[in-house]
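Beneath this line is the structure, given in structure tokens, with notes to follow.
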Amino acid sequence: MGRVYNFSAGPAQLPVSVLERAQEELLSYQEKGMSVMEMSHRSSDFKKIIERTEELIRELMEIPETYRVLFIQGGASLQFSMVPLNLLKDGGHAYYVNTGSWSKKALSEAKKIGEAKILASSDDQNFTYIPELDLQQINEQTDYVHITTNNTIEGTRFTKFPNTGHVPLVADASSNILSEQWDVSKFGLIYAGAQKNLGISGLTIVIIREDLIGHVKADIPTMLNYETYTKNNSLYNTPPTFAIYITMLLMEWLKEQGGVAAIEERNKEKANLLYKAIEDSKLFYSNVKREDRSLMNIPFMTDSDELNKLFVKEAEQEGLHQLKGHRSVGGMRASIYNAMPIEGVKALVDFMNEFERKHI
Ligand code: PMP
């Protein structure tokens with residue numbers, strides 16, 4: 001079929017069965033004589049798609065009744081602005097945990113809107129660990145605490161979430177939503193761009209506790225107000241219909257796999273395989289603190305820029321694509337989201353072993 005193992009950080013590999021189903025239904029969705037791309041977002045057929053997508057996300061993540069699930073455009077990056085616009089109150093402030101490039105961007109956008117401060121940071125060691133949080137600093141004026149659950153570029157993740165008490169915990173979960181079982185009730189708001197574990201780009205999912213909606217301090221643009229989405233079931237304007245449909249297919253696939261508990265086991269198995277290969281190697285290494293390692297994005301490198309380049313090039317010739325590390329970290333990075341089969345990780349480990357034999 002000519003498919004490769006795609007280790008891209010996102011947009012990322014999708015299961016073949018999802019692509020095949022989209023292909024089968026491309027010219028005529030359920031014998032309607034048109035594709036989902038051509039369908040009115042107000043049609044009853046599309047309404048069923050968006051409702052089913054929400055139902056599946058709710059079921060898979062066990063989202064309590066008191067939360068709303070919103071379908072928004074603009075990527076996770078737009079949430080960097082929407083979160084403070086909607087949650088910051090007069091005289092209030094937000095605390096950000098600075099764990100990498102995406103956290104920094106979230107913080108700098110929040111600063112444009114109101115007072116946003118750093119609660120903890122790991123920039124002293126190039127973001128190779130998750131810092132301890134001093135929760136004593138939170139007070140009545142704290143409107144929310146923002147974390148990045150998984151740091152896509154640096155390869156770290158929160159393995160446990162801080163208890164921020166009555167202050168809402170807001171999470172950018174773009175790169176590890178649905179990869180592990182979480183207790184959604186610990187969060188006030190979770191957001192994620194879809195192009196990793198939720199589907200394709202163009203769609204962002206926001207899961208927000210109901211009591212956080214409708215308290216904006218100023219008259220903000222309609223499209224940036226969460227209330228616009230809750231009042232109109234995410235159909236105030238035309239949503240990214242095809243992206244929502246792909247999310248529905250991917251969520252059905254995830255359910256068939258046994259849901260989040262089952263995929264978590266497999267994700268751990270996949271990540272352990274790769275981490276073990278790095279640990280056992282005399283050529284490859286990782287700087288990330290063991291306890292804080294990501295299950296989704298695994299940076300690794302050799303001491304030589306030339307060997308790193310050669311690795312990426314030769315891996316591609318073997319059907320292992322997109323292994324180049326982010327420019328801020330260098331070396332290689334393997335992103336192994338839910339849809340990456342264990343065979344892909346095994347093929348990567350085999351290639352690493354072979355490369356090491358040749359170059360050590
Ligand atoms: N946050 C994290 C953790 C990410 O990994 C990314 C994308 N790689 C973003 C935010 C930005 O997402 P988007 O491109 O959807 O705006």
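So you can find residues: chains in the structure tokens are A, B, ... in the order shown, residues in each start at 1, and ligands are numbered from 1 in order.
If one restricts the calculation to only C-alpha atoms and all ligand atoms, the set of residues situated within 6 Å of ligand 1 consists of Gly75, Ala76, Ser77, Trp102, Asn151, Thr152, Asp172, Ser174, Ser175 and Gly193 of chain A.
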With C-alpha atoms retained, write the just-selected residues as a PDB file, in the first residue's frame.
ATOM      1  CA  GLY A  75      -6.009  25.528  17.026  1.00  0.00           C
ATOM      2  CA  ALA A  76      -4.714  25.193  20.552  1.00  0.00           C
ATOM      3  CA  SER A  77      -2.949  28.502  19.853  1.00  0.00           C
ATOM      4  CA  TRP A 102       4.139  25.859  24.196  1.00  0.00           C
ATOM      5  CA  ASN A 151       5.397  18.995  26.346  1.00  0.00           C
ATOM      6  CA  THR A 152       5.493  17.979  22.709  1.00  0.00           C
ATOM      7  CA  ASP A 172      -3.295  22.379  27.325  1.00  0.00           C
ATOM      8  CA  SER A 174      -2.932  18.942  22.846  1.00  0.00           C
ATOM      9  CA  SER A 175      -0.312  16.238  22.691  1.00  0.00           C
ATOM     10  CA  GLY A 193      -5.843  20.742  18.999  1.00  0.00           C
TER      11      GLY A 193
END
- Query: Using only C-alpha atoms, which residues sit within 12 Å of Leu88 in chain A once same-chain residues fewer than 5 positions away are excluded, as a list in words?
  - Reply: Ser81, Met82, Val83, His93, Ala94, Tyr95, Ala110, Lys111, Lys112, Ile113, Gly114, Glu115, Ala116, Gln141, Thr142, Asp143, Tyr144, Val145, His146, Val167, Pro168, Leu212, Ile213, Gly214, His215, Val216, Lys217 and Ala218 of chain A
- Which distance in Å separates CA of Ala243 in chain A and CA of Ser44 in chain A, to one decimal?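 Calculated distance between CA of Ala243 in chain A and CA of Ser44 in chain A is 17.4 Å.
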- Please, which residues of range 55-225 of chain A, numbered as in this document, come out strand (DSSP E) from DSSP, as a ChimeraX atom specification? /A:67-72,93-98,115-121,142-148,150-151,156-157,169-172,189-193,204-209
Filtering to C-alpha atoms, could you give me those residues as a CSV table (one decimal), in the first residue's frame?
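As a result, again.csv now contains:
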chain,number,residue,atom,x,y,z
A,67,TYR,CA,-18.9,19.9,31.7
A,68,ARG,CA,-19.5,21.0,28.2
A,69,VAL,CA,-17.6,19.8,25.1
A,70,LEU,CA,-17.0,22.5,22.5
A,71,PHE,CA,-15.8,22.3,18.9
A,72,ILE,CA,-13.8,25.4,18.0
A,93,HIS,CA,-4.4,37.0,37.8
A,94,ALA,CA,-3.5,33.6,36.3
A,95,TYR,CA,-0.6,31.4,37.2
A,96,TYR,CA,1.3,29.5,34.5
A,97,VAL,CA,3.6,26.5,34.9
A,98,ASN,CA,6.4,27.1,32.4
A,115,GLU,CA,-2.0,39.6,34.6
A,116,ALA,CA,-0.3,36.3,34.1
A,117,LYS,CA,2.6,35.1,36.3
A,118,ILE,CA,4.9,32.1,36.5
A,119,LEU,CA,4.1,29.6,39.3
A,120,ALA,CA,7.0,27.3,38.5
A,121,SER,CA,9.4,26.8,35.7
A,142,THR,CA,-5.9,33.6,41.3
A,143,ASP,CA,-8.5,33.0,38.5
A,144,TYR,CA,-6.8,29.8,37.2
A,145,VAL,CA,-3.6,27.8,37.1
A,146,HIS,CA,-2.4,26.7,33.6
A,147,ILE,CA,-0.4,23.6,32.8
A,148,THR,CA,0.7,21.9,29.7
A,150,ASN,CA,2.5,17.0,27.8
A,151,ASN,CA,5.4,19.0,26.3
A,156,THR,CA,8.1,15.6,29.4
A,157,ARG,CA,4.7,15.1,30.9
A,169,LEU,CA,-6.8,23.9,36.7
A,170,VAL,CA,-6.6,24.7,33.0
A,171,ALA,CA,-4.7,22.2,30.8
A,172,ASP,CA,-3.3,22.4,27.3
A,189,LEU,CA,-10.9,23.4,31.5
A,190,ILE,CA,-9.0,21.1,29.1
A,191,TYR,CA,-8.2,22.1,25.5
A,192,ALA,CA,-6.5,20.2,22.7
A,193,GLY,CA,-5.8,20.7,19.0
A,204,THR,CA,-9.9,22.2,18.7
A,205,ILE,CA,-11.8,20.5,21.5
A,206,VAL,CA,-12.5,22.4,24.7
A,207,ILE,CA,-13.9,20.7,27.7
A,208,ILE,CA,-15.1,23.3,30.2
A,209,ARG,CA,-16.9,23.1,33.5
- Message: Excluding range 46-63 of chain A and its own-chain neighbours fewer than 4 positions away, which residues fall within 8 Å of it when counting only C-alpha atoms? Please give them as a list in words.
- Response: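 The filter keeps Val36, Met39, Ser40, His41, Arg42, Tyr67, Val69, Leu178, Gln181, Trp182, Asp183, Val184, Ser185, Thr241, Ile244, Tyr245, Thr247, Met248, Met251, Glu252, Lys255, Gly259 and Val260 of chain A.
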- Picked from range 104-223 of chain A by DSSP as alpha helix (DSSP H), as a PyMOL selection string: chain A and resi 104-113
- Could you name the residues that touch Gly331 in chain A at 12 Å or less, counting only C-alpha atoms, but leaving out those on the same chain fewer than 6 positions away, as a VMD selection string? chain A and resid 153 to 154 284 to 287 298 to 312 322 to 325
- Polymer residues at most 7 Å from range 289-293 of chain A, only C-alpha atoms, same-chain spacing of 3 or more positions, as a list in words: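 Neighbouring residues, sequence-local ones excluded: Thr128, Tyr129, Ile130, Gly155, Thr156, Arg157, Phe158 and Thr159 of chain A.
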- Note on the structure: From CA of Ser8 in chain A to CA of Ser179 in chain A the spacing works out at 16.3 Å
Which residues come within 7 Å of Leu320 in chain A, counting only C-alpha atoms, excluding same-chain residues fewer than 5 positions away, as a short mmCIF file (atom, residue, chain, number, x, y, z; two decimals) with C-alpha atoms, in the first residue's frame?
data_model
loop_
_atom_site.label_atom_id
_atom_site.label_comp_id
_atom_site.auth_asym_id
_atom_site.auth_seq_id
_atom_site.Cartn_x
_atom_site.Cartn_y
_atom_site.Cartn_z
CA VAL A 4 5.18 4.56 6.02
CA TYR A 5 5.53 4.79 9.79
CA ASN A 6 5.04 8.49 10.41
CA ALA A 315 15.57 6.02 8.74
CA LEU A 348 12.38 2.05 14.89
#
